[in-house]
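Trainee: Just dropping this structure here.
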Amino acid sequence: MAESDNFTSTHSAQGTYADLILGNGRIYTQDPANPWAEAVAIRDGKLIGVASLGELETFKGPNTVLHDLQGAFCMPGLHDMHTHPDLALAPRYSDDLDVGIEDPTPEQLRESILAYADSHPGDGWIYGQYWVRYTFREAGLTPGRAWLDSVMPDRPVALLDRMWGTMMVNSKALELAGIDRHTADPRNGYLERDELSGEPTGLMIDGAYAMIHAAMPPTPVSVLRRAYRDGVHFQSSRGVTASKYVHVCEQRLQALKELDDSGELTVRIEAAISWQDDIFPVRRRWELLSGERHYYRSARLSANAVKFHFDGTVEPKSSYLLTPWPQEKSWRGKLNLTPEHITDMVVDMDSKGIRVIAHCTGDGASDVFLDAVAEARRRNGFSGVRHQCAHSTLLHPGNLPRFKELNVIAEFSPAAWYPTPFASGARSGYGQERLKRIYDFKGVLEAGGTAVMGTDWPVASIDPWLALETMVTRQNPWNDDPACFGEPISLEQALSVITSNGAVAMGLEHMTGSLQVGKSADLIVIDRDLFAEPARNYIHRTNVLLTFVEGQLVYDRHSTLAPAGLKAVWQGEPPVLEGKA
Amino acid sequence: MDVPRIAVTVVSGFLGAGKTTLLNRMVRRAEGSRLAVIVNDFGELNIDAAIVSEVTDAVYSLQNGCICCTVQEDLLAQLASLAQLQPRLERIVIECSGVSDPQRIVQTLAYPQLRSQMQLDMVITVVDATRHLQLEGEYARLARAQVAAADLLLLNKTDLVDDTQLQALRDALGVRTRVHECVQAELPDALWLDTDLDLEPRAQKPMTRVSADDHGEMFSSWLWQDSTGLDVERLRGWLRALPGDVFRVKGLVLLAQGGKAHWLQHVGTRSQFLPATDEALASGSRLVFIARRGFDGWEALGQGLEACKVTEEALT
């Protein structure tokens with residue numbers, strides 16, 4: 001039989017006793033008035049006591065479950081404020097064509113396409129990877145629609161090359177995408193064309209992929225659901241109780257809702273509707289933004305946010321800077337939208353109660369964003385919505401106080417805030433002077449602003465403990481290289497960043513982020529005292545033992561509470577999501 | 001009058017193959033012309049400031065490592081700004097990093113915002129005769145990509161290998177690629193600068209030799225001229241079948257379809273057509289060929305072109 005709904009409202013009945021008391025712990029509450037406690041009492045998903053075990057004696061009733069933490073460290077749940085399990089996992093789970101050969105000859109590619117068509121009958125798209133140009137050249141063939149038509153004339157085919165610079169499509173795919181010689185090139189790529197006739201050759205370069213993606217059926221909800229399920233499973237087993245999945249569409253929201261309905265959405269999720277179509281098409285963007293998003297709403301799921309890319313990234317020097325890049329006379333990077341577009345959009349979204357999460361890696365991009373928020377505050381007053389500056393790789397020193405003044409969240413992602421071979425090579429593009437103030441947690445915090453962490457998986461690891469450790473060390477966690485990127489912060493500051501500040505970024509600071517009476521029981525129990533040893537090579541090895549969200553046991557590593565009748569949604573070791581192809 | 005597009009030469013090849021030696025030669029040879037060079041590491045170029053300002057107009061350095069991996073926003077911007085320089089540049093040489101696939105840069109050059117300003121002239125890949133066949137794994141794949149993207153292979157250090165090894169290299173590089181064998185990355189001017197391409201109409205014969213053959217030149221050039229329109233598909237087929245000794249074809253072609261004149265440039269196995277806007281040019285076709293000295297297939301080339309001609313009857 002299905003369980004009854006058990007929501008609380010003003011006049012709903014309340015029990016006298018706690019459902020669960022966790023005692024004999026070393027509990028770091030993140031509550032300045034009561035920083036450490038020994039026990040917590042939970043009723044109807046909320047904390048009704050955070051004190052010594054003796055003081056909580058009165059909550060003990062005949063049905064109260066008592067659990068002895070045996071001195072274990074307990075703290076509020078972690079907040080990962082920017083990540084993408086769908087982008088990382090859905091391609092792995094979708095049933096696309098995978099040629100599976102490093103450099104297939106055209107003949108091998110042909111066989112692979114035909115085999116896929118045989119095993120996937122019908123007239124649907126054949127989409128996949130990879131081909132390489134040089135095997136075509138070696139065979140004296142020209143890649144493009146003519147060759148692909150000779151293999152598969154009647155089903156749409158789109159194949160990516162191993163360089164990820166070109167997509168080869170056949171005539172059927174071009175036809176379904178409505179692309180012909182009259183079609184204009186996109187701003188960030190082009191259609192290769194026959195010079196004399198202007199007809200597309202079937203090679204789509206860089207951003208022109210999106211024109212084909214727009215014509216393809218979206219990633220199936222079942223694939224997205226599996227990706228998100230594995231994502232929340234991992235996050236719960238690593239102590240994350242709240243997260244933001246930035247860039248969603250109606251398909252993604254449906255997948256999240258299905259997980260939620262089935263009781264498997266074990267993390268509070270803020271999903272940000274994507275403003276752009278170059279990652280995946282968002283067919284119902286305007287319906288979602290004007291109100292359809294509320295259809296998905298629950299205690300665990302909200303879509304009151306929108307995600308933009310204001311600028312690019314460091315490697316292609318497309319981050320938008322206030323001054324030219326090193327070794328450049330005038331190149332400052334690219335702003336993807338005009339400042340007027342950004343301003344009107346921020347003002348509009350703000351008035352609708354929608355949080356703007358803006359990808360700003362360059363200090364010029366965040367400068368424009370903060371100006372737009374200032375204009376929104378001027379026109380709308382404070383709407384109660386804190387907008388979020390995503391990545392914040394470089395911030396102009398003059399903007400540090402504006403995060404507090406304008407109530408904007410500074411979000412930092414760990415992709416390169418500590419030295420690794422990748423980060424050291426890629427980020428050196430900013431130049432030494434800028435590298436010193438990269439990912440400036442300290443600057444934002446000292447100016448009174450709210451700084452949060454977002455793992456930005458798959459750009460960086462989805463493991464929040466790696467991020468927590470390296471906020472404190474800003475050093476490589478795996479070796480003893482003394483090199484340090486940017487300014488470290490204290491462990492206390494880092495814990496605020498990853499708990500209570502995250503709650504502020506979710507707009508849930510009244511409900512979560514610290515262990516205080518009246519707040520939701522979103523907490524974790526871990527296998528070590530974070531303050532007991534130096535952070536380096538220590539914090540990131542933390543194992544999470546128990547994770548609670550709204551008082552519900554969502555993760556129990558060793559099934560220790562099972563004998564007491566509490567069955568966790570997830571048990572055992574965290575799933576391995578990374579380090580696999 | 002058509003404003004000539006800036007010719008772009010892309011130089012690729014593995015570390016140690018001889019790219020820098022080649023670039024230094026190019027910089028010296030470009031004396032007096034408007035040349036810009038984009039390199040990965042400025043420090044490697046053997047040019048002092050005086051020569052830079054006199055000989056080349058600009059040496060630009062891309063210091064963010066390998067320049068093939070990402071959308072080339074900065075390369076795009078750099079090229080766009082070079083295109084604005086006055087007086088106008090004649091040529092830009094771009095050096096690819098040793099571990100990059102030049103195709104990425106070739107694709108960047110075809111971006112719409114550059115297409116009207118510049119034109120890929122050729123991709124030259126320097127191949128180290130002593131090491132090419134020993135490359136393995138990902139390096140071997142990259143080397144294949146570099147060879148496949150090339151319009152001209154400069155097979156360098158041939159003095160350090162014996163005849164058997166040289167033949168093995170020739171076999172490995174395939175029959176479709178134009179190969180020039182050399183030492184010390186010596187690239188003959190005729191192969192990368194088109195100063196010898198003289199389009200002045202000549203005597204009545206359709207195929208005329210235009211280079212002297214008596215001063216030790218390694219290449220000879222011929223001019224073909226005709227006033228009848230050519231069938232574009234037949235012409236393309238003829239271009240695809242050009243013998244390996246023909247390195248370049250350049251000039252004007254009058255296409256039968258539409259009766260329009262186009263600039264044709266064919267290097268290695270790659271052809272490019274550009275509409276010629278000057279009406280006066282539409283009077284006929286004039287093509288200059290550069291081939292290895294001693295090439296004796298001129299007659300056959302002329303016959304092939306004759307077969308591309310579209311007679312009045314066929315058009316109606």
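For the structure tokens, the naming scheme is as follows: chains receive sequential letters (A, B, ...) according to their order of presentation, residues are indexed from 1 within each chain, and ligands are indexed from 1 in presentation order.
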Could you pull the residues within 12 Å of Lys157 of chain B, counting only C-alpha atoms, minus those fewer than 2 positions along the same chain, as a PyMOL selection string?

Mentor: chain B and resi 16-19+21+126-132+154-155+159-162+165-166+180-186

Trainee: Could you write out as a PyMOL selection string the residues of chain A within 7 Å of chain B, counting only C-alpha atoms?

Mentor: chain A and resi 134+137-138+189-190+195-196+316-318+429

Trainee: Using only C-alpha atoms, find the one residue out of B:Leu153, B:Val8, B:Leu191, B:Ala241 that sits nearest to Arg170 of chain B.

Mentor: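 Closest to Arg170 of chain B, using only C-alpha atoms: B:Leu153.
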
Trainee: One number please: atom CA of Phe310 of chain A to atom CA of Ala358 of chain A, in Å, one decimal.

Mentor: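 We find that atom CA of Phe310 of chain A and atom CA of Ala358 of chain A lie 6.3 Å from each other.
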
Trainee: So which one's closest to Ser197 of chain A, B:Ser97, B:Gln257, B:Asn24, B:Thr228? Using only C-alpha atoms, please.

Mentor: B:Gln257

Trainee: Report as a list in words all protein, DNA and RNA residues lying within 7 Å of segment 369-381 of chain A, evaluated on only C-alpha atoms, omitting residues in the same chain fewer than 5 positions from it.

Mentor: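 What passes the distance filter is Ile342, Thr343, Val346, Val347, Asp350, Ser351 and Leu406 of chain A.
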